[in-house]
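Okay, so here's the structure we're looking at.
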There are 2 protein chains.
Amino acid sequence: MRDRSDHRPTMGDIAEAAGVSQMTVSRVLRGSGSASAEARARVEQAAHQLGYVPNRLATALRDESTPLVAVILPTLGNRVFSEVLAGVTETLAGQGMQPVFGVTEYDPLREAALVRDLLSWRPRGIILPGLEHAKGTRAAIRASGVRVAEVMDLDGDPISVAFGLSQVEAGRATARHMLARGYRRFGWIGAQGGRDLRASKRLAGFRETVRAAGAQMVAERVFDGPSAMVQGRRGTAMLLDGLARPDAIYFANDDLAAGGLMHCLAEGLTVPRDVALAGFNGLGFLEALPVRLTTVETPRREMGISAARHVMGDGPVAEAKVDLGFRLVAGETS
Amino acid sequence: MRDRSDHRPTMGDIAEAAGVSQMTVSRVLRGSGSASAEARARVEQAAHQLGYVPNRLATALRDESTPLVAVILPTLGNRVFSEVLAGVTETLAGQGMQPVFGVTEYDPLREAALVRDLLSWRPRGIILPGLEHAKGTRAAIRASGVRVAEVMDLDGDPISVAFGLSQVEAGRATARHMLARGYRRFGWIGAQGGRDLRASKRLAGFRETVRAAGAQMVAERVFDGPSAMVQGRRGTAMLLDGLARPDAIYFANDDLAAGGLMHCLAEGLTVPRDVALAGFNGLGFLEALPVRLTTVETPRREMGISAARHVMGDGPVAEAKVDLGFRLVAGETS
DNA sequence: CTGTCGAATGTTATCGATAACAAGGCGCGG
DNA sequence: CCGCGCCTTGTTATCGATAACATTCGACAG
């Protein structure tokens, strides 16, 4: 038969030890249905003694429902996403639900594979970044019938509901601000080899506004790797040493922008007189910098919270896009 | 019978559509056993047509084994842990495994509850921070038979294998460095209301070494909330305004230390002449600060990678403690 | 021409928990 | 004293995938 010693105890084992049926064990341990005080005590004693741990796989299979939520993130290397994840996690934990997650490193194919993988756990919902996905991903998710929340971006057509902000509008707002301050020759520094589509949208909005005002983009530099301060620093050096010297640089995010600021400090350049700088996200570490950076604050934790609430089914959201807004923070670099 | 429309397609549905038995479907889709080209084609066509997604719950239940690894973290609010998690995730992903995780917010009881919860998914392994756990947690994990890796800390008795560094020794090393530079009156600034036991160990090592050298701790300040730059700044202000003014401050981590540095810059104090500062972790953002902070670099990603490898069973590790080391980085603040 | 072997396929049982249904026993109203 | 109904407990079937075993059929050696 079954070798008890190398198997984790099951309700069957408890039943045997307590001299009752498995069903009674189930009823006692879940506190549903009725059981005599006598049976209750014996079962609880046996369960404790055997060190019983329920097997959720069985319950989930039987119930055709899990307390899992799939979460897909572009990377964990950027604080932005760990903050979104923190919002999701705290919200789920309050409801006894678990996140299962994976990272795509900005690769749509990896995202597609992850979606397939994660859906096979039959999660209650799935949260994923952005509105653009590999061919078929959208259909797969729709067909799966799980609740979906897309986060970060609002510029596009959500699968179901998107929680975030208009990236294009954020780019436009930044451009308007810079233009108002009198800058006319703009540079752009990005990372992730242009695979960060949200950054591309910000750039598009920025560029559009700049051009409409008769000003221009004079230099762009996009690095391949993850966005790190050192890249921002190098890129800034390149742009400022180039032929087409910008009088203001728009960075794909705060890390890059902070690196740009470092370059200026190291080279003794005066910001914003010699060059103006603007980042994106409003990360906490900006407070530590010697100069307050101009940036756009984004509701990272809130996106996580809202998305988690949505997939848990806390009230159906009518709209397909929930705008959580952004806030331009004019610092000392523009 | 069964209403096809509100159920996700199963192998049974494919079997029906393809006119074969469920078992043939299983064989075709998993590529095990043999099947005729004819059957293979029909099954694949039907599976695609129906948008079949396998149900891992069933497979996991049947196989009594999941590709899951439980990961417990103190918080996501500190970059340190998202870097550990990144190491874990990237390592697992390479082997087709999934992390399931939760955060404790430094509460041992929440940790105990999380362990119970996560173990009920019958993960292949579990990774958790530190060596101290609530009563019973240790026994529960041992009894569960999953592979265990504890990360961050080596000062104590691991459940199975620990990957990290000696926190006490890190504290001692920092103290030796500060003493060698001539400081004699030390302050300490912490957070998490003292619940961060690794920080407490560092302080213990630091204090011991300081006292052995005939120097002393003159002031300590531990905040209740999460460690943030602003707390470090406030704490530093308090210590420097107090009666027992330290000539050097040891911070529980880099965020607090960076805050301390900000205070000094804002007040026009000269570091380290007026006061020396030392942090812990060697986070990347330090590079952005105007002054290079003295700190201790820790192998965060490596801890995640090693722990993940261990729980996946990549070669049994003989030792109970794997020292991944640390490196004191003498900056411009000491 | 027959027996053997293996490829292809089907049938049954299983993992653990639990809904649905069945049945035994006891109390209480009529 | 009978019977209805509730409390307690047990039995069976189920979720989906798959290992183990059973069966069919054609090919081929002897």
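By order in the structure tokens, chains are A, B, ...; within a chain, residues start at 1; ligands start at 1, following the order shown.
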
Using every C-alpha atom paired in order, could you least-squares fit chain A onto chain B and give me the moved chain as an mmCIF file with C-alpha atoms, in the first residue's frame?
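Result file follows (superposed26.cif):
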data_model
loop_
_atom_site.group_PDB
_atom_site.id
_atom_site.type_symbol
_atom_site.label_atom_id
_atom_site.label_comp_id
_atom_site.auth_asym_id
_atom_site.auth_seq_id
_atom_site.Cartn_x
_atom_site.Cartn_y
_atom_site.Cartn_z
ATOM 1 C CA MET A 1 -24.310 17.160 -17.744
ATOM 2 C CA ARG A 2 -21.467 19.533 -18.014
ATOM 3 C CA ASP A 3 -22.120 22.846 -19.595
ATOM 4 C CA ARG A 4 -19.253 23.183 -21.981
ATOM 5 C CA SER A 5 -19.675 26.890 -22.410
ATOM 6 C CA ASP A 6 -18.698 28.020 -18.948
ATOM 7 C CA HIS A 7 -15.818 25.629 -18.499
ATOM 8 C CA ARG A 8 -12.323 26.001 -19.734
ATOM 9 C CA PRO A 9 -11.569 23.225 -22.220
ATOM 10 C CA THR A 10 -9.931 20.151 -20.788
ATOM 11 C CA MET A 11 -8.126 17.240 -22.315
ATOM 12 C CA GLY A 12 -11.477 15.508 -22.327
ATOM 13 C CA ASP A 13 -12.914 18.172 -24.586
ATOM 14 C CA ILE A 14 -9.989 17.901 -26.929
ATOM 15 C CA ALA A 15 -10.319 14.136 -26.960
ATOM 16 C CA GLU A 16 -13.943 14.407 -27.948
ATOM 17 C CA ALA A 17 -13.226 16.960 -30.655
ATOM 18 C CA ALA A 18 -10.364 14.939 -32.061
ATOM 19 C CA GLY A 19 -12.112 11.603 -31.748
ATOM 20 C CA VAL A 20 -9.463 9.973 -29.619
ATOM 21 C CA SER A 21 -9.129 9.104 -25.961
ATOM 22 C CA GLN A 22 -8.067 11.542 -23.304
ATOM 23 C CA MET A 23 -4.932 9.542 -22.785
ATOM 24 C CA THR A 24 -3.875 10.021 -26.354
ATOM 25 C CA VAL A 25 -4.389 13.723 -25.963
ATOM 26 C CA SER A 26 -2.188 13.689 -22.913
ATOM 27 C CA ARG A 27 0.503 11.788 -24.747
ATOM 28 C CA VAL A 28 0.448 14.088 -27.735
ATOM 29 C CA LEU A 29 0.481 17.317 -25.792
ATOM 30 C CA ARG A 30 3.242 16.242 -23.493
ATOM 31 C CA GLY A 31 5.201 14.566 -26.219
ATOM 32 C CA SER A 32 5.640 11.434 -24.118
ATOM 33 C CA GLY A 33 4.737 7.957 -25.180
ATOM 34 C CA SER A 34 3.899 7.356 -28.798
ATOM 35 C CA ALA A 35 1.120 8.526 -31.071
ATOM 36 C CA SER A 36 0.525 8.292 -34.791
ATOM 37 C CA ALA A 37 1.137 11.333 -36.953
ATOM 38 C CA GLU A 38 -2.563 11.245 -37.727
ATOM 39 C CA ALA A 39 -3.656 11.410 -34.094
ATOM 40 C CA ARG A 40 -0.999 13.919 -33.302
ATOM 41 C CA ALA A 41 -2.231 16.307 -35.952
ATOM 42 C CA ARG A 42 -5.874 15.987 -35.012
ATOM 43 C CA VAL A 43 -5.165 16.548 -31.348
ATOM 44 C CA GLU A 44 -2.933 19.515 -31.949
ATOM 45 C CA GLN A 45 -5.489 21.050 -34.228
ATOM 46 C CA ALA A 46 -8.294 20.566 -31.714
ATOM 47 C CA ALA A 47 -6.190 21.871 -28.838
ATOM 48 C CA HIS A 48 -5.321 24.979 -30.747
ATOM 49 C CA GLN A 49 -8.872 25.476 -31.900
ATOM 50 C CA LEU A 50 -10.318 25.207 -28.433
ATOM 51 C CA GLY A 51 -7.639 27.431 -26.957
ATOM 52 C CA TYR A 52 -6.591 24.728 -24.552
ATOM 53 C CA VAL A 53 -4.579 25.751 -21.514
ATOM 54 C CA PRO A 54 -3.297 22.901 -19.351
ATOM 55 C CA ASN A 55 -4.373 22.781 -15.746
ATOM 56 C CA ARG A 56 -1.285 22.515 -13.639
ATOM 57 C CA LEU A 57 -3.300 22.006 -10.515
ATOM 58 C CA ALA A 58 -4.271 18.588 -11.762
ATOM 59 C CA THR A 59 -0.755 17.676 -12.794
ATOM 60 C CA ALA A 60 0.700 18.925 -9.556
ATOM 61 C CA LEU A 61 -1.834 17.019 -7.499
ATOM 62 C CA ARG A 62 -1.286 13.859 -9.445
ATOM 63 C CA ASP A 63 2.513 14.138 -9.420
ATOM 64 C CA GLU A 64 2.663 15.284 -5.821
ATOM 65 C CA SER A 65 5.143 17.874 -6.935
ATOM 66 C CA THR A 66 4.949 21.465 -8.093
ATOM 67 C CA PRO A 67 7.372 23.748 -9.882
ATOM 68 C CA LEU A 68 6.805 26.354 -7.190
ATOM 69 C CA VAL A 69 9.220 27.913 -4.767
ATOM 70 C CA ALA A 70 7.900 29.880 -1.823
ATOM 71 C CA VAL A 71 9.750 33.104 -1.159
ATOM 72 C CA ILE A 72 9.283 35.145 1.974
ATOM 73 C CA LEU A 73 10.595 38.671 2.256
ATOM 74 C CA PRO A 74 10.542 41.173 5.109
ATOM 75 C CA THR A 75 9.352 43.976 2.825
ATOM 76 C CA LEU A 76 9.369 45.178 -0.736
ATOM 77 C CA GLY A 77 9.965 48.712 0.440
ATOM 78 C CA ASN A 78 13.679 48.161 0.652
ATOM 79 C CA ARG A 79 15.631 47.674 -2.534
ATOM 80 C CA VAL A 80 17.748 45.071 -0.824
ATOM 81 C CA PHE A 81 14.974 42.553 -0.902
ATOM 82 C CA SER A 82 13.749 43.235 -4.385
ATOM 83 C CA GLU A 83 17.311 42.565 -5.475
ATOM 84 C CA VAL A 84 17.350 39.253 -3.639
ATOM 85 C CA LEU A 85 14.008 38.463 -5.220
ATOM 86 C CA ALA A 86 15.333 39.368 -8.647
ATOM 87 C CA GLY A 87 18.167 36.894 -8.171
ATOM 88 C CA VAL A 88 15.737 34.199 -7.115
ATOM 89 C CA THR A 89 13.328 34.890 -9.935
ATOM 90 C CA GLU A 90 15.889 34.905 -12.697
ATOM 91 C CA THR A 91 17.344 31.657 -11.430
ATOM 92 C CA LEU A 92 13.992 29.942 -11.147
ATOM 93 C CA ALA A 93 12.769 31.183 -14.509
ATOM 94 C CA GLY A 94 15.697 29.511 -16.175
ATOM 95 C CA GLN A 95 14.402 26.189 -14.882
ATOM 96 C CA GLY A 96 10.728 26.656 -15.594
ATOM 97 C CA MET A 97 9.908 27.266 -11.969
ATOM 98 C CA GLN A 98 7.693 29.912 -10.426
ATOM 99 C CA PRO A 99 8.122 31.962 -7.290
ATOM 100 C CA VAL A 100 5.158 32.449 -4.984
ATOM 101 C CA PHE A 101 5.869 35.011 -2.394
ATOM 102 C CA GLY A 102 4.676 37.094 0.472
ATOM 103 C CA VAL A 103 5.996 39.829 2.734
ATOM 104 C CA THR A 104 6.102 39.814 6.520
ATOM 105 C CA GLU A 105 6.774 43.487 7.279
ATOM 106 C CA TYR A 106 9.179 42.182 9.925
ATOM 107 C CA ASP A 107 6.431 40.476 11.897
ATOM 108 C CA PRO A 108 7.318 36.907 13.003
ATOM 109 C CA LEU A 109 3.666 36.014 13.373
ATOM 110 C CA ARG A 110 2.896 37.125 9.881
ATOM 111 C CA GLU A 111 5.850 35.080 8.802
ATOM 112 C CA ALA A 112 4.472 32.026 10.550
ATOM 113 C CA ALA A 113 1.106 32.494 8.870
ATOM 114 C CA LEU A 114 2.763 32.972 5.512
ATOM 115 C CA VAL A 115 4.826 29.836 5.904
ATOM 116 C CA ARG A 116 1.699 27.838 6.604
ATOM 117 C CA ASP A 117 -0.070 29.380 3.656
ATOM 118 C CA LEU A 118 2.753 28.905 1.244
ATOM 119 C CA LEU A 119 3.510 25.351 2.331
ATOM 120 C CA SER A 120 -0.046 24.389 1.515
ATOM 121 C CA TRP A 121 0.871 24.826 -2.146
ATOM 122 C CA ARG A 122 3.343 22.036 -1.701
ATOM 123 C CA PRO A 123 6.234 24.050 -3.091
ATOM 124 C CA ARG A 124 9.480 22.365 -3.965
ATOM 125 C CA GLY A 125 11.332 24.679 -1.688
ATOM 126 C CA ILE A 126 11.097 27.696 0.514
ATOM 127 C CA ILE A 127 13.397 30.672 0.830
ATOM 128 C CA LEU A 128 13.113 32.906 3.840
ATOM 129 C CA PRO A 129 15.049 35.736 5.402
ATOM 130 C CA GLY A 130 17.073 35.392 8.540
ATOM 131 C CA LEU A 131 17.578 32.593 10.999
ATOM 132 C CA GLU A 132 15.089 33.619 13.673
ATOM 133 C CA HIS A 133 11.501 32.523 13.310
ATOM 134 C CA ALA A 134 8.414 32.292 15.432
ATOM 135 C CA LYS A 135 8.024 29.230 17.591
ATOM 136 C CA GLY A 136 6.832 26.321 15.530
ATOM 137 C CA THR A 137 7.783 27.806 12.177
ATOM 138 C CA ARG A 138 11.027 25.941 12.162
ATOM 139 C CA ALA A 139 9.365 22.666 13.033
ATOM 140 C CA ALA A 140 6.626 23.178 10.462
ATOM 141 C CA ILE A 141 9.160 23.716 7.730
ATOM 142 C CA ARG A 142 11.300 20.789 8.778
ATOM 143 C CA ALA A 143 8.281 18.521 8.927
ATOM 144 C CA SER A 144 7.115 19.616 5.508
ATOM 145 C CA GLY A 145 10.167 18.099 3.921
ATOM 146 C CA VAL A 146 10.626 20.895 1.400
ATOM 147 C CA ARG A 147 14.088 22.181 0.635
ATOM 148 C CA VAL A 148 14.891 25.227 2.674
ATOM 149 C CA ALA A 149 17.256 28.124 2.225
ATOM 150 C CA GLU A 150 17.601 30.946 4.649
ATOM 151 C CA VAL A 151 19.188 34.099 3.298
ATOM 152 C CA MET A 152 20.910 37.244 4.529
ATOM 153 C CA ASP A 153 22.216 36.050 7.850
ATOM 154 C CA LEU A 154 24.742 33.502 9.063
ATOM 155 C CA ASP A 155 24.793 34.248 12.785
ATOM 156 C CA GLY A 156 22.704 31.473 14.207
ATOM 157 C CA ASP A 157 21.514 27.960 13.560
ATOM 158 C CA PRO A 158 20.065 27.368 10.094
ATOM 159 C CA ILE A 159 17.079 25.108 9.530
ATOM 160 C CA SER A 160 18.985 23.552 6.688
ATOM 161 C CA VAL A 161 21.325 25.820 4.735
ATOM 162 C CA ALA A 162 21.865 29.543 5.035
ATOM 163 C CA PHE A 163 23.312 31.782 2.325
ATOM 164 C CA GLY A 164 24.507 35.164 3.405
ATOM 165 C CA LEU A 165 27.009 36.946 5.517
ATOM 166 C CA SER A 166 27.811 37.380 9.165
ATOM 167 C CA GLN A 167 25.914 40.454 10.234
ATOM 168 C CA VAL A 168 27.777 40.583 13.518
ATOM 169 C CA GLU A 169 31.069 40.505 11.664
ATOM 170 C CA ALA A 170 29.907 43.274 9.333
ATOM 171 C CA GLY A 171 29.153 45.406 12.384
ATOM 172 C CA ARG A 172 32.554 44.607 13.823
ATOM 173 C CA ALA A 173 34.333 45.449 10.586
ATOM 174 C CA THR A 174 32.583 48.780 10.407
ATOM 175 C CA ALA A 175 33.534 49.526 13.994
ATOM 176 C CA ARG A 176 37.157 48.602 13.402
ATOM 177 C CA HIS A 177 37.244 50.903 10.437
ATOM 178 C CA MET A 178 35.752 53.807 12.361
ATOM 179 C CA LEU A 179 38.016 53.234 15.319
ATOM 180 C CA ALA A 180 41.042 53.177 13.050
ATOM 181 C CA ARG A 181 40.014 56.560 11.742
ATOM 182 C CA GLY A 182 40.072 57.860 15.278
ATOM 183 C CA TYR A 183 36.415 58.169 16.176
ATOM 184 C CA ARG A 184 35.505 57.446 19.769
ATOM 185 C CA ARG A 185 31.944 58.537 20.480
ATOM 186 C CA PHE A 186 29.420 56.626 18.425
ATOM 187 C CA GLY A 187 25.768 56.991 17.601
ATOM 188 C CA TRP A 188 23.355 54.497 16.081
ATOM 189 C CA ILE A 189 20.256 55.157 14.015
ATOM 190 C CA GLY A 190 17.866 52.358 13.127
ATOM 191 C CA ALA A 191 14.325 51.783 11.953
ATOM 192 C CA GLN A 192 11.581 49.150 11.924
ATOM 193 C CA GLY A 193 11.282 49.631 15.671
ATOM 194 C CA GLY A 194 14.171 47.271 16.253
ATOM 195 C CA ARG A 195 12.347 44.376 14.615
ATOM 196 C CA ASP A 196 15.055 44.060 11.984
ATOM 197 C CA LEU A 197 17.138 41.434 13.727
ATOM 198 C CA ARG A 198 19.948 41.595 11.219
ATOM 199 C CA ALA A 199 20.378 45.266 12.011
ATOM 200 C CA SER A 200 20.405 44.410 15.698
ATOM 201 C CA LYS A 201 23.183 41.932 15.111
ATOM 202 C CA ARG A 202 25.244 44.485 13.258
ATOM 203 C CA LEU A 203 24.752 46.860 16.128
ATOM 204 C CA ALA A 204 25.762 44.187 18.608
ATOM 205 C CA GLY A 205 28.994 43.484 16.721
ATOM 206 C CA PHE A 206 29.656 47.170 16.350
ATOM 207 C CA ARG A 207 29.024 47.914 19.992
ATOM 208 C CA GLU A 208 31.151 45.033 21.199
ATOM 209 C CA THR A 209 34.135 46.162 19.144
ATOM 210 C CA VAL A 210 33.698 49.774 20.122
ATOM 211 C CA ARG A 211 33.626 48.925 23.805
ATOM 212 C CA ALA A 212 36.543 46.556 23.568
ATOM 213 C CA ALA A 213 38.544 49.469 22.214
ATOM 214 C CA GLY A 214 37.624 51.624 25.141
ATOM 215 C CA ALA A 215 35.374 53.861 23.066
ATOM 216 C CA GLN A 216 31.631 54.136 23.582
ATOM 217 C CA MET A 217 28.149 54.363 22.182
ATOM 218 C CA VAL A 218 26.799 57.698 23.304
ATOM 219 C CA ALA A 219 23.414 57.898 21.604
ATOM 220 C CA GLU A 220 20.933 55.618 19.851
ATOM 221 C CA ARG A 221 17.753 56.398 18.017
ATOM 222 C CA VAL A 222 15.495 53.759 16.489
ATOM 223 C CA PHE A 223 12.457 54.809 14.484
ATOM 224 C CA ASP A 224 9.330 52.793 14.272
ATOM 225 C CA GLY A 225 8.395 52.942 10.632
ATOM 226 C CA PRO A 226 10.157 51.668 7.538
ATOM 227 C CA SER A 227 13.624 52.984 6.967
ATOM 228 C CA ALA A 228 13.518 56.048 4.787
ATOM 229 C CA MET A 229 15.938 58.794 4.079
ATOM 230 C CA VAL A 230 13.853 61.303 5.929
ATOM 231 C CA GLN A 231 14.156 59.295 9.124
ATOM 232 C CA GLY A 232 17.900 59.211 8.825
ATOM 233 C CA ARG A 233 17.889 62.919 8.409
ATOM 234 C CA ARG A 234 15.705 63.527 11.424
ATOM 235 C CA GLY A 235 17.607 61.091 13.569
ATOM 236 C CA THR A 236 20.898 62.670 12.697
ATOM 237 C CA ALA A 237 19.556 66.075 13.614
ATOM 238 C CA MET A 238 18.433 64.713 16.962
ATOM 239 C CA LEU A 239 21.704 62.996 17.746
ATOM 240 C CA LEU A 240 23.769 66.024 16.829
ATOM 241 C CA ASP A 241 21.573 68.364 18.805
ATOM 242 C CA GLY A 242 21.549 66.120 21.843
ATOM 243 C CA LEU A 243 23.688 66.373 24.938
ATOM 244 C CA ALA A 244 25.793 63.387 24.128
ATOM 245 C CA ARG A 245 27.008 64.386 20.708
ATOM 246 C CA PRO A 246 28.602 61.527 18.762
ATOM 247 C CA ASP A 247 31.551 62.087 16.478
ATOM 248 C CA ALA A 248 30.452 59.225 14.221
ATOM 249 C CA ILE A 249 27.104 57.658 13.398
ATOM 250 C CA TYR A 250 26.491 54.104 12.316
ATOM 251 C CA PHE A 251 23.212 53.663 10.440
ATOM 252 C CA ALA A 252 21.171 50.507 10.027
ATOM 253 C CA ASN A 253 21.323 50.942 6.267
ATOM 254 C CA ASP A 254 22.208 53.171 3.363
ATOM 255 C CA ASP A 255 18.856 54.920 3.149
ATOM 256 C CA LEU A 256 19.143 56.189 6.673
ATOM 257 C CA ALA A 257 22.794 57.046 6.191
ATOM 258 C CA ALA A 258 22.047 59.018 3.036
ATOM 259 C CA GLY A 259 19.450 60.938 4.987
ATOM 260 C CA GLY A 260 22.083 61.704 7.600
ATOM 261 C CA LEU A 261 24.385 62.983 4.917
ATOM 262 C CA MET A 262 21.611 65.217 3.625
ATOM 263 C CA HIS A 263 21.187 66.721 7.043
ATOM 264 C CA CYS A 264 24.864 67.551 7.185
ATOM 265 C CA LEU A 265 24.849 69.112 3.732
ATOM 266 C CA ALA A 266 21.759 71.126 4.549
ATOM 267 C CA GLU A 267 23.250 72.351 7.826
ATOM 268 C CA GLY A 268 26.594 73.124 6.297
ATOM 269 C CA LEU A 269 28.386 70.557 8.408
ATOM 270 C CA THR A 270 31.621 69.166 7.091
ATOM 271 C CA VAL A 271 31.723 65.413 6.805
ATOM 272 C CA PRO A 272 33.568 63.665 8.274
ATOM 273 C CA ARG A 273 35.193 66.441 10.275
ATOM 274 C CA ASP A 274 32.055 67.396 12.143
ATOM 275 C CA VAL A 275 30.613 63.921 12.136
ATOM 276 C CA ALA A 276 31.455 60.683 10.355
ATOM 277 C CA LEU A 277 28.800 58.457 8.772
ATOM 278 C CA ALA A 278 28.590 54.799 7.806
ATOM 279 C CA GLY A 279 25.773 52.865 6.176
ATOM 280 C CA PHE A 280 25.170 49.290 5.116
ATOM 281 C CA ASN A 281 24.425 47.447 1.865
ATOM 282 C CA GLY A 282 26.204 49.401 -0.825
ATOM 283 C CA LEU A 283 23.075 50.164 -2.825
ATOM 284 C CA GLY A 284 23.509 51.569 -6.296
ATOM 285 C CA PHE A 285 21.954 54.908 -5.545
ATOM 286 C CA LEU A 286 24.918 55.852 -3.393
ATOM 287 C CA GLU A 287 26.757 56.642 -6.585
ATOM 288 C CA ALA A 288 24.342 59.496 -7.098
ATOM 289 C CA LEU A 289 25.149 61.190 -3.852
ATOM 290 C CA PRO A 290 27.496 64.166 -3.848
ATOM 291 C CA VAL A 291 29.715 62.484 -1.289
ATOM 292 C CA ARG A 292 30.721 58.857 -1.387
ATOM 293 C CA LEU A 293 29.285 57.188 1.671
ATOM 294 C CA THR A 294 31.210 54.672 3.723
ATOM 295 C CA THR A 295 29.269 51.412 3.649
ATOM 296 C CA VAL A 296 29.467 47.649 3.517
ATOM 297 C CA GLU A 297 28.653 46.035 0.222
ATOM 298 C CA THR A 298 26.508 42.920 0.416
ATOM 299 C CA PRO A 299 25.925 40.211 -2.205
ATOM 300 C CA ARG A 300 22.178 40.624 -2.522
ATOM 301 C CA ARG A 301 21.550 39.149 -5.927
ATOM 302 C CA GLU A 302 23.985 36.328 -5.229
ATOM 303 C CA MET A 303 22.109 35.335 -2.099
ATOM 304 C CA GLY A 304 18.964 35.016 -4.181
ATOM 305 C CA ILE A 305 20.698 33.027 -6.867
ATOM 306 C CA SER A 306 22.412 30.649 -4.467
ATOM 307 C CA ALA A 307 19.279 30.106 -2.454
ATOM 308 C CA ALA A 308 17.224 29.414 -5.563
ATOM 309 C CA ARG A 309 19.825 26.971 -6.861
ATOM 310 C CA HIS A 310 19.826 25.210 -3.560
ATOM 311 C CA VAL A 311 16.090 24.730 -3.278
ATOM 312 C CA MET A 312 15.910 23.543 -6.856
ATOM 313 C CA GLY A 313 18.292 20.801 -5.847
ATOM 314 C CA ASP A 314 21.285 21.761 -7.948
ATOM 315 C CA GLY A 315 23.701 19.648 -6.065
ATOM 316 C CA PRO A 316 23.335 19.148 -2.329
ATOM 317 C CA VAL A 317 25.295 21.641 -0.281
ATOM 318 C CA ALA A 318 27.234 20.011 2.489
ATOM 319 C CA GLU A 319 27.779 22.980 4.749
ATOM 320 C CA ALA A 320 24.963 24.505 6.715
ATOM 321 C CA LYS A 321 26.300 28.003 6.131
ATOM 322 C CA VAL A 322 27.493 29.398 2.871
ATOM 323 C CA ASP A 323 29.342 32.632 3.426
ATOM 324 C CA LEU A 324 28.928 34.938 0.466
ATOM 325 C CA GLY A 325 30.913 37.624 2.182
ATOM 326 C CA PHE A 326 30.776 41.385 2.368
ATOM 327 C CA ARG A 327 33.121 44.194 1.545
ATOM 328 C CA LEU A 328 33.741 47.319 3.530
ATOM 329 C CA VAL A 329 33.819 50.315 1.215
ATOM 330 C CA ALA A 330 35.590 53.246 2.795
ATOM 331 C CA GLY A 331 34.012 56.367 1.350
ATOM 332 C CA GLU A 332 34.438 60.039 2.028
ATOM 333 C CA THR A 333 32.272 60.097 5.131
ATOM 334 C CA SER A 334 34.659 58.466 7.567
#

Could you give me, as a tab-separated table, a per-residue list for chain C showing, wherever an atom lies at most 9 Å from an atom of chain A, the closest pair of atoms and their distance in Å to one decimal, using only C-alpha atoms (C1' of nucleotides) and sorting by chain then residue number from low to high?
residue	atom	partner	partner_atom	distance
C:DC15	C1'	A:Ala58	CA	8.1
C:DG16	C1'	A:Ala58	CA	4.9
C:DA17	C1'	A:Thr59	CA	5.2
C:DT18	C1'	A:Arg62	CA	7.3

(message) Tell me as a PyMOL selection string which residues belonging to chain D come within 9 Å of chain A, counting only C-alpha atoms (C1' of nucleotides).
(response) chain D and resi 7-10+14-16

(message) To one decimal place in Å, what is the distance between C1' of DA22 in chain D and C1' of DT11 in chain C?
(response)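 Here the two named atoms are 7.4 Å from each other.
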
(message) Taking the DSSP secondary structure from the backbone, can you list the residues of range 105-271 of chain A that are strand (DSSP E), as an MDAnalysis selection string?
(response) chainID A and resid 125:129 147:153 161:165 185:190 216:222 248:251

(request) Report the distance between C1' of DG3 in chain D and C1' of DC21 in chain C in Å, rounded to one decimal place. (result)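 Computing the Euclidean distance for C1' of DG3 in chain D and C1' of DC21 in chain C yields 22.2 Å.
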
(request) Write down as a list of chain:residue names the residues belonging to range 123-195 of chain B that are assigned alpha helix (DSSP H) by DSSP computed on the backbone. (result) B:Thr137, B:Arg138, B:Ala139, B:Ala140, B:Ile141, B:Arg142, B:Ala143, B:Ser144, B:Gln167, B:Val168, B:Glu169, B:Ala170, B:Gly171, B:Arg172, B:Ala173, B:Thr174, B:Ala175, B:Arg176, B:His177, B:Met178, B:Leu179, B:Ala180

(request) Enter the distance from C1' of DA13 in chain C to C1' of DT24 in chain D, in Å, rounded to one decimal. (result)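 Here the two named atoms are 21.7 Å from each other.
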
(message) Ranking C:DG3, C:DA19, C:DT14, C:DG27 by minimum distance to DC6 in chain D and counting only C-alpha atoms (C1' of nucleotides), which one comes first?
(response)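 Going through C:DG3, C:DA19, C:DT14, C:DG27 one by one, the smallest distance to DC6 in chain D is for C:DG27.
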